[in-house]
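Here is the structure we will look at.
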Amino acid sequence: MRIFDPHIHMTSRTTDDYEAMYAAGVRAVVEPAFWLGQPRTSPASFFDYFDSLLGWEPFRAAQYGIAHHCTIALNPKEANDPRCTPVLDELPRYLVKDNVVAVGEIGYDSMTPAEDTALATQLQLAADHELPALVHTPHRDKLTGLRRTIDVVRESALPLDRVLIDHLNETTVKEAKDSGCWLGFSVYPDTKMDEDRMVAILRDFGPERVLVNSAADWGKSDPLKTRKVADAMLAVGYDEDDVDLVLWRNPVAFYGLSGRLALDVTGTDATHEGNSILRGGA
Amino acid sequence: MTDTPGVAALRTRLEADLGGAARAWLDQAVAEAAAHARRPEQPTRGPMPTWELRLAEAGRRCGADHADAARVLLLHAASADPATLARVYGQGTAPERRAVLRALPHLVPGPEALPLVEDALRTNDTRLVAAAVGPYAARHLAPHDWRHAVLKCLFTGVPVDAVADLPRRARGDRELARMLTDFAGERTAAGRAVPDDLRRVLSLTDPAGAAAPTAPSGPVAPSTGEE
């Protein structure tokens with residue numbers, strides 16, 4: 001079984017997690033830029049974080065046989081802090097990087113005017129850079145947040161079929177699906193969505209354009225939830241091909257819209273690549 | 001600009017490896033970089049120069065295996081000066097930083113770019129460490145830093161083949177020999193194997209320079225400190 005976790009914050013996870021994920025079948029991850037639990041107070045700490053998502057974290061992942069890509073954005077929560085909003089001006093230099101496969105996580109947290117601005121600005125950046133967008137739906141007042149999100153996307157230059165709306169649940173899945181966007185579900189130990197509810201949603205709404213993620217981070221979360229959903233699907237009679245569609249082909253298709261997804265893990269052997277290429281020339 | 005023949009050979013090899021679309025992209029990108037180099041100094045604010053956008057997208061255009069070579073060619077065509085190299089490195093992904101390190105011997109005759117090498121040697125990313133110990137480091141890195149770079153390679157598993165000009169710089173370096181011997185003792189005390197590369201570098205520190213570089217002979221050469 002091959003698994004692609006389309007939303008996981010590996011920066012907050014250990015090498016034990018990487019090892020267990022590989023053993024469970026995870027071969028690719030996307031790490032969206034988000035907040036770190038502790039609010040940041042200056043753009044510089046975002047830049048170090050983005051650099052880590054484009055440097056150290058893919059290196060760590062590759063050592064465990066896992067391809068690592070990221071999405072880059074100013075997250076909605078910190079978009080409300082005027083000390084952080086200058087990050088928006090620097091995003092273009094990150095959005096051209098090879099390993100960036102979407103703009104994200106963007107969306108709403110408390111649905112403030114500052115969040116409106118950040119969301120609209122970053123949807124435009126996604127369109128300008130030919131990237132899809134990963135849009136988070138708020139924890140509080142979720143259905144209202146979803147409707148407002150879809151309205152803002154409709155007014156933007158980015159088509160809905162290049163948008164993944166994440167953290168969906170029973171109350172939001174229908175409207176999200178009707179909008180034509182991609183559907184993301186975060187499966188958590190206690191909150192958001194669990195394996196059995198996930199399987200029920202797949203039964204009711206079908207597996208097309210559905211992506212399942214662990215959204216594992218520094219909070220109580222489980223980086224193996226993707227595998228647990230796969231097992232739950234098999235247990236109720238889905239076949240391997242259905243599992244492969246939801247847990248591999250759908251995320252590959254969505255992030256593949258960037259044209260930048262490279263799923264062969266680049267060796268971390270120091271003599272790989274440049275050395276042999278440049279020998280004699282360097 | 002230095003080492004133009006080396007860069008020309010690099011371009012010939014890369015073009016032979018690339019498919020039609022990637023080769024056309026490379027030709028266009030190199031031309032844009034060269035045009036940028038011919039223009040007078042541009043203000044640093046404002047939109048990113050086109051050649052820097054090409055530098056960023058080289059991986060997806062040429063494939064990860066060819067990105068280093070493509071980026072070295074672009075940096076060379078743009079005649080990137082030390083300030084530009086420092087900016088591109090500072091704002092770069094790990095693969096872009098590696099390409100800057102590989103471009104240094106082609107672009108910077110003096111030691112001005114050493115801070116980039118030192119930065120890479122502080123990381124634990126073996127791809128950056130390997131790129132940092134190339135010909136530019138061999139030429140400019142001070143003895144203390146160079147010895148630590150060699151030791152770091154042994155610690156992190158970077159093959160010492162990556163260390164440019166190793167026999168010349170190691171020959172007669174008693175301090176390096178001491179550091180290697182101490183490291184071997186530490187490894188032995190911990191019940192861990194002494195890397196073959198360590199014995200090889202130790203043999204290269206022989207002032208006579210007579211040791212065979214690839215075939216260390218006999219039992220463990222370094223003292224373990226336990227006898």
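Just remember, in the structure tokens the first chain shown is A, the second B, etc., residues are 1-based per chain, and ligands are 1-based in the order shown.
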Identify every residue of chain B that has at least one atom within 9 Å of any atom of chain A, counting only C-alpha atoms, and report the result as number ranges by chain. B: 3, 5-10, 13-14, 47-48, 53, 56-60, 63-69, 91-95, 98-99, 102-103, 105-106, 123-131, 134-135, 157-159, 161-162
Quick one: DSSP alpha helix (DSSP H) residues in segment 55-105 of chain A, as a ChimeraX atom specification? /A:56-63,87-95
Residues of the last selection are to be written out with C-alpha atoms, as a compact mmCIF listing (two decimals), in the first residue's frame.
# COMPACT_ATOMS: atom_id res chain seq x y z
CA TRP A 56 16.22 20.66 6.34
CA GLU A 57 12.79 19.00 6.42
CA PRO A 58 12.96 17.44 2.92
CA PHE A 59 16.45 16.23 3.84
CA ARG A 60 15.14 14.56 6.98
CA ALA A 61 12.23 13.02 5.09
CA ALA A 62 14.47 11.66 2.34
CA GLN A 63 16.57 9.85 4.91
CA VAL A 87 5.35 38.34 5.03
CA LEU A 88 2.81 38.73 2.20
CA ASP A 89 5.24 40.95 0.28
CA GLU A 90 7.99 38.33 0.39
CA LEU A 91 5.89 35.34 -0.63
CA PRO A 92 6.58 35.67 -4.38
CA ARG A 93 10.23 34.73 -3.94
CA TYR A 94 9.18 31.53 -2.17
CA LEU A 95 6.35 30.61 -4.53
Apply DSSP to the backbone of this structure and, from segment 109-259 of chain A, keep only the residues in strand (DSSP E or B); write these as a PyMOL selection string. chain A and resi 133-136+163-166+182-187+192-193+210-213
Which residues come within 7 Å of segment 164-171 of chain B, counting only C-alpha atoms, excluding same-chain residues fewer than 6 positions away, as a PyMOL selection string? chain B and resi 133-135+138+204-207+209
Output all heavy atoms for every residue in the selection just made, as a short mmCIF file (atom, residue, chain, number, x, y, z; two decimals), in the first residue's frame.
data_model
loop_
_atom_site.label_atom_id
_atom_site.label_comp_id
_atom_site.auth_asym_id
_atom_site.auth_seq_id
_atom_site.Cartn_x
_atom_site.Cartn_y
_atom_site.Cartn_z
N VAL B 133 32.91 21.38 0.70
CA VAL B 133 34.33 21.00 0.78
C VAL B 133 34.94 20.81 -0.61
O VAL B 133 35.90 20.06 -0.78
CB VAL B 133 34.53 19.74 1.66
CG1 VAL B 133 34.22 20.03 3.12
CG2 VAL B 133 33.69 18.56 1.15
N GLY B 134 34.41 21.52 -1.58
CA GLY B 134 34.92 21.45 -2.95
C GLY B 134 36.18 22.29 -3.14
O GLY B 134 36.83 22.70 -2.17
N PRO B 135 36.52 22.57 -4.40
CA PRO B 135 37.78 23.27 -4.72
C PRO B 135 37.90 24.65 -4.09
O PRO B 135 39.01 25.09 -3.78
CB PRO B 135 37.75 23.38 -6.24
CG PRO B 135 36.78 22.37 -6.70
CD PRO B 135 35.79 22.15 -5.60
N ALA B 138 39.12 24.11 -0.67
CA ALA B 138 40.51 23.63 -0.73
C ALA B 138 41.46 24.81 -0.91
O ALA B 138 42.55 24.86 -0.34
CB ALA B 138 40.68 22.64 -1.88
N LEU B 204 47.07 9.79 4.53
CA LEU B 204 47.45 10.94 3.69
C LEU B 204 48.18 12.03 4.48
O LEU B 204 48.82 12.90 3.89
CB LEU B 204 46.20 11.55 3.05
CG LEU B 204 45.53 10.70 1.96
CD1 LEU B 204 44.19 11.32 1.56
CD2 LEU B 204 46.42 10.55 0.74
N THR B 205 48.06 11.99 5.81
CA THR B 205 48.76 13.01 6.60
C THR B 205 50.26 12.71 6.74
O THR B 205 51.01 13.54 7.23
CB THR B 205 48.18 13.13 8.03
OG1 THR B 205 48.32 11.88 8.70
CG2 THR B 205 46.71 13.53 7.99
N ASP B 206 50.65 11.54 6.31
CA ASP B 206 52.08 11.16 6.34
C ASP B 206 52.90 12.19 5.56
O ASP B 206 52.62 12.44 4.39
CB ASP B 206 52.20 9.76 5.70
CG ASP B 206 53.63 9.25 5.76
OD1 ASP B 206 54.56 10.08 5.91
OD2 ASP B 206 53.80 8.03 5.67
N PRO B 207 53.89 12.83 6.23
CA PRO B 207 54.64 13.90 5.54
C PRO B 207 55.35 13.42 4.29
O PRO B 207 55.57 14.19 3.35
CB PRO B 207 55.67 14.35 6.59
CG PRO B 207 55.25 13.74 7.87
CD PRO B 207 54.34 12.59 7.59
N GLY B 209 54.14 11.48 2.20
CA GLY B 209 53.16 11.40 1.13
C GLY B 209 53.24 10.12 0.34
O GLY B 209 52.83 10.05 -0.81
#
List the neighbours of Ile66 of chain A out to 12 Å using only C-alpha atoms; skip same-chain residues closer than 6 positions along the sequence, and give me the result as a PDB file with N, CA, C and O atoms, in the first residue's frame.
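What ended up in part25.pdb:
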ATOM      1  N   ARG A   2       0.574   2.172  -0.924  1.00  0.00           N
ATOM      2  CA  ARG A   2       1.339   3.427  -0.949  1.00  0.00           C
ATOM      3  C   ARG A   2       0.430   4.543  -0.465  1.00  0.00           C
ATOM      4  O   ARG A   2      -0.739   4.630  -0.855  1.00  0.00           O
ATOM      5  N   ILE A   3       0.983   5.381   0.395  1.00  0.00           N
ATOM      6  CA  ILE A   3       0.180   6.427   1.037  1.00  0.00           C
ATOM      7  C   ILE A   3       0.858   7.786   0.848  1.00  0.00           C
ATOM      8  O   ILE A   3       2.077   7.906   0.993  1.00  0.00           O
ATOM      9  N   PHE A   4       0.040   8.775   0.526  1.00  0.00           N
ATOM     10  CA  PHE A   4       0.492  10.160   0.400  1.00  0.00           C
ATOM     11  C   PHE A   4      -0.276  10.941   1.461  1.00  0.00           C
ATOM     12  O   PHE A   4      -1.495  11.027   1.389  1.00  0.00           O
ATOM     13  N   ASP A   5       0.413  11.475   2.470  1.00  0.00           N
ATOM     14  CA  ASP A   5      -0.250  12.329   3.461  1.00  0.00           C
ATOM     15  C   ASP A   5      -0.197  13.771   2.949  1.00  0.00           C
ATOM     16  O   ASP A   5       0.867  14.396   2.954  1.00  0.00           O
ATOM     17  N   MET A  10       5.527  18.016   9.597  1.00  0.00           N
ATOM     18  CA  MET A  10       6.622  17.150  10.029  1.00  0.00           C
ATOM     19  C   MET A  10       7.655  17.873  10.872  1.00  0.00           C
ATOM     20  O   MET A  10       8.354  17.244  11.665  1.00  0.00           O
ATOM     21  N   THR A  15      11.957  11.648  14.296  1.00  0.00           N
ATOM     22  CA  THR A  15      12.398  10.645  13.326  1.00  0.00           C
ATOM     23  C   THR A  15      11.698   9.302  13.562  1.00  0.00           C
ATOM     24  O   THR A  15      11.510   8.529  12.628  1.00  0.00           O
ATOM     25  N   ASP A  17       8.621   9.036  14.117  1.00  0.00           N
ATOM     26  CA  ASP A  17       7.407   9.169  13.311  1.00  0.00           C
ATOM     27  C   ASP A  17       7.694   8.854  11.842  1.00  0.00           C
ATOM     28  O   ASP A  17       6.935   8.150  11.184  1.00  0.00           O
ATOM     29  N   TYR A  18       8.792   9.424  11.340  1.00  0.00           N
ATOM     30  CA  TYR A  18       9.146   9.145   9.943  1.00  0.00           C
ATOM     31  C   TYR A  18       9.306   7.631   9.726  1.00  0.00           C
ATOM     32  O   TYR A  18       8.844   7.079   8.733  1.00  0.00           O
ATOM     33  N   GLU A  19       9.956   6.995  10.673  1.00  0.00           N
ATOM     34  CA  GLU A  19      10.195   5.559  10.548  1.00  0.00           C
ATOM     35  C   GLU A  19       8.865   4.785  10.541  1.00  0.00           C
ATOM     36  O   GLU A  19       8.638   3.906   9.709  1.00  0.00           O
ATOM     37  N   ALA A  20       7.985   5.155  11.481  1.00  0.00           N
ATOM     38  CA  ALA A  20       6.684   4.469  11.574  1.00  0.00           C
ATOM     39  C   ALA A  20       5.825   4.765  10.349  1.00  0.00           C
ATOM     40  O   ALA A  20       5.096   3.882   9.864  1.00  0.00           O
ATOM     41  N   MET A  21       5.913   5.968   9.850  1.00  0.00           N
ATOM     42  CA  MET A  21       5.124   6.325   8.661  1.00  0.00           C
ATOM     43  C   MET A  21       5.588   5.520   7.459  1.00  0.00           C
ATOM     44  O   MET A  21       4.769   4.994   6.696  1.00  0.00           O
ATOM     45  N   TYR A  22       6.896   5.405   7.309  1.00  0.00           N
ATOM     46  CA  TYR A  22       7.413   4.612   6.180  1.00  0.00           C
ATOM     47  C   TYR A  22       6.947   3.164   6.304  1.00  0.00           C
ATOM     48  O   TYR A  22       6.487   2.552   5.329  1.00  0.00           O
ATOM     49  N   ALA A  23       7.029   2.636   7.517  1.00  0.00           N
ATOM     50  CA  ALA A  23       6.610   1.240   7.730  1.00  0.00           C
ATOM     51  C   ALA A  23       5.124   1.063   7.423  1.00  0.00           C
ATOM     52  O   ALA A  23       4.700  -0.008   6.977  1.00  0.00           O
ATOM     53  N   ALA A  24       4.332   2.117   7.641  1.00  0.00           N
ATOM     54  CA  ALA A  24       2.887   2.040   7.384  1.00  0.00           C
ATOM     55  C   ALA A  24       2.558   2.228   5.901  1.00  0.00           C
ATOM     56  O   ALA A  24       1.412   2.063   5.506  1.00  0.00           O
ATOM     57  N   GLY A  25       3.541   2.614   5.107  1.00  0.00           N
ATOM     58  CA  GLY A  25       3.298   2.786   3.674  1.00  0.00           C
ATOM     59  C   GLY A  25       3.387   4.210   3.165  1.00  0.00           C
ATOM     60  O   GLY A  25       3.209   4.463   1.976  1.00  0.00           O
ATOM     61  N   VAL A  26       3.669   5.166   4.046  1.00  0.00           N
ATOM     62  CA  VAL A  26       3.741   6.568   3.609  1.00  0.00           C
ATOM     63  C   VAL A  26       5.019   6.771   2.790  1.00  0.00           C
ATOM     64  O   VAL A  26       6.123   6.472   3.256  1.00  0.00           O
ATOM     65  N   ARG A  27       4.845   7.252   1.585  1.00  0.00           N
ATOM     66  CA  ARG A  27       5.985   7.494   0.698  1.00  0.00           C
ATOM     67  C   ARG A  27       6.097   8.951   0.277  1.00  0.00           C
ATOM     68  O   ARG A  27       7.078   9.343  -0.353  1.00  0.00           O
ATOM     69  N   ALA A  28       5.082   9.746   0.576  1.00  0.00           N
ATOM     70  CA  ALA A  28       5.120  11.159   0.192  1.00  0.00           C
ATOM     71  C   ALA A  28       4.274  11.963   1.171  1.00  0.00           C
ATOM     72  O   ALA A  28       3.252  11.472   1.664  1.00  0.00           O
ATOM     73  N   VAL A  29       4.746  13.176   1.446  1.00  0.00           N
ATOM     74  CA  VAL A  29       3.979  14.082   2.307  1.00  0.00           C
ATOM     75  C   VAL A  29       4.019  15.489   1.717  1.00  0.00           C
ATOM     76  O   VAL A  29       4.936  15.840   0.967  1.00  0.00           O
ATOM     77  N   VAL A  30       3.000  16.269   2.059  1.00  0.00           N
ATOM     78  CA  VAL A  30       3.054  17.713   1.840  1.00  0.00           C
ATOM     79  C   VAL A  30       2.914  18.375   3.203  1.00  0.00           C
ATOM     80  O   VAL A  30       2.019  18.033   3.978  1.00  0.00           O
ATOM     81  N   GLU A  57      13.866  19.998   6.272  1.00  0.00           N
ATOM     82  CA  GLU A  57      12.794  19.004   6.417  1.00  0.00           C
ATOM     83  C   GLU A  57      12.765  18.009   5.256  1.00  0.00           C
ATOM     84  O   GLU A  57      12.659  16.800   5.496  1.00  0.00           O
ATOM     85  N   PRO A  58      12.884  18.446   3.995  1.00  0.00           N
ATOM     86  CA  PRO A  58      12.961  17.440   2.920  1.00  0.00           C
ATOM     87  C   PRO A  58      14.182  16.525   3.067  1.00  0.00           C
ATOM     88  O   PRO A  58      14.126  15.345   2.693  1.00  0.00           O
ATOM     89  N   PHE A  59      15.265  17.061   3.611  1.00  0.00           N
ATOM     90  CA  PHE A  59      16.454  16.229   3.838  1.00  0.00           C
ATOM     91  C   PHE A  59      16.147  15.148   4.865  1.00  0.00           C
ATOM     92  O   PHE A  59      16.468  13.969   4.685  1.00  0.00           O
ATOM     93  N   ARG A  60      15.509  15.546   5.955  1.00  0.00           N
ATOM     94  CA  ARG A  60      15.141  14.564   6.977  1.00  0.00           C
ATOM     95  C   ARG A  60      14.218  13.504   6.395  1.00  0.00           C
ATOM     96  O   ARG A  60      14.400  12.311   6.615  1.00  0.00           O
ATOM     97  N   ALA A 262       7.586  15.894  -7.467  1.00  0.00           N
ATOM     98  CA  ALA A 262       8.621  14.925  -7.848  1.00  0.00           C
ATOM     99  C   ALA A 262       8.613  13.822  -6.799  1.00  0.00           C
ATOM    100  O   ALA A 262       9.050  14.029  -5.671  1.00  0.00           O
ATOM    101  N   LEU A 263       8.096  12.672  -7.153  1.00  0.00           N
ATOM    102  CA  LEU A 263       7.834  11.655  -6.136  1.00  0.00           C
ATOM    103  C   LEU A 263       8.949  10.638  -5.961  1.00  0.00           C
ATOM    104  O   LEU A 263       8.904   9.826  -5.050  1.00  0.00           O
ATOM    105  N   ASP A 264       9.953  10.667  -6.816  1.00  0.00           N
ATOM    106  CA  ASP A 264      11.105   9.811  -6.577  1.00  0.00           C
ATOM    107  C   ASP A 264      11.951  10.504  -5.519  1.00  0.00           C
ATOM    108  O   ASP A 264      12.321  11.657  -5.663  1.00  0.00           O
ATOM    109  N   VAL A 265      12.235   9.804  -4.455  1.00  0.00           N
ATOM    110  CA  VAL A 265      12.993  10.415  -3.366  1.00  0.00           C
ATOM    111  C   VAL A 265      14.440  10.583  -3.807  1.00  0.00           C
ATOM    112  O   VAL A 265      15.091   9.632  -4.209  1.00  0.00           O
ATOM    113  N   THR A 266      14.897  11.814  -3.750  1.00  0.00           N
ATOM    114  CA  THR A 266      16.287  12.091  -4.088  1.00  0.00           C
ATOM    115  C   THR A 266      17.180  11.536  -2.994  1.00  0.00           C
ATOM    116  O   THR A 266      16.943  11.799  -1.821  1.00  0.00           O
ATOM    117  N   GLY A 267      18.164  10.779  -3.385  1.00  0.00           N
ATOM    118  CA  GLY A 267      19.052  10.172  -2.392  1.00  0.00           C
ATOM    119  C   GLY A 267      19.747  11.227  -1.569  1.00  0.00           C
ATOM    120  O   GLY A 267      20.063  12.301  -2.058  1.00  0.00           O
ATOM    121  N   THR A 268      19.961  10.925  -0.307  1.00  0.00           N
ATOM    122  CA  THR A 268      20.690  11.876   0.526  1.00  0.00           C
ATOM    123  C   THR A 268      22.170  11.526   0.586  1.00  0.00           C
ATOM    124  O   THR A 268      22.939  12.174   1.269  1.00  0.00           O
TER     125      THR A 268
END
Calculate how many Å separate atom CA of Gly172 of chain B from atom CA of Pro143 of chain B, rounding to one decimal. 12.2 Å
Residues within 10 Å of Phe254 of chain A, please, as an mmCIF file with C-alpha atoms, in the first residue's frame. Count only C-alpha atoms; anything in the same chain fewer than 6 positions from it doesn't count.
data_model
loop_
_atom_site.group_PDB
_atom_site.id
_atom_site.type_symbol
_atom_site.label_atom_id
_atom_site.label_comp_id
_atom_site.auth_asym_id
_atom_site.auth_seq_id
_atom_site.Cartn_x
_atom_site.Cartn_y
_atom_site.Cartn_z
ATOM 1 C CA PRO A 6 -1.314 15.601 1.837
ATOM 2 C CA VAL A 101 3.363 22.664 -4.705
ATOM 3 C CA ALA A 102 0.601 25.019 -3.520
ATOM 4 C CA PRO A 132 -3.219 25.391 -6.617
ATOM 5 C CA ALA A 133 -4.277 26.513 -3.138
ATOM 6 C CA LEU A 134 -4.813 24.663 0.122
ATOM 7 C CA ASP A 161 -10.995 23.047 -9.306
ATOM 8 C CA ARG A 162 -7.531 24.260 -8.262
ATOM 9 C CA VAL A 163 -8.567 24.638 -4.629
ATOM 10 C CA LEU A 164 -8.455 22.017 -1.883
ATOM 11 C CA TRP A 182 -11.184 19.214 -3.921
ATOM 12 C CA ARG A 209 -11.580 14.340 -5.355
ATOM 13 C CA VAL A 210 -11.355 13.258 -1.715
ATOM 14 C CA LEU A 211 -8.026 13.588 0.125
ATOM 15 C CA LEU A 261 5.588 17.247 -7.784
#
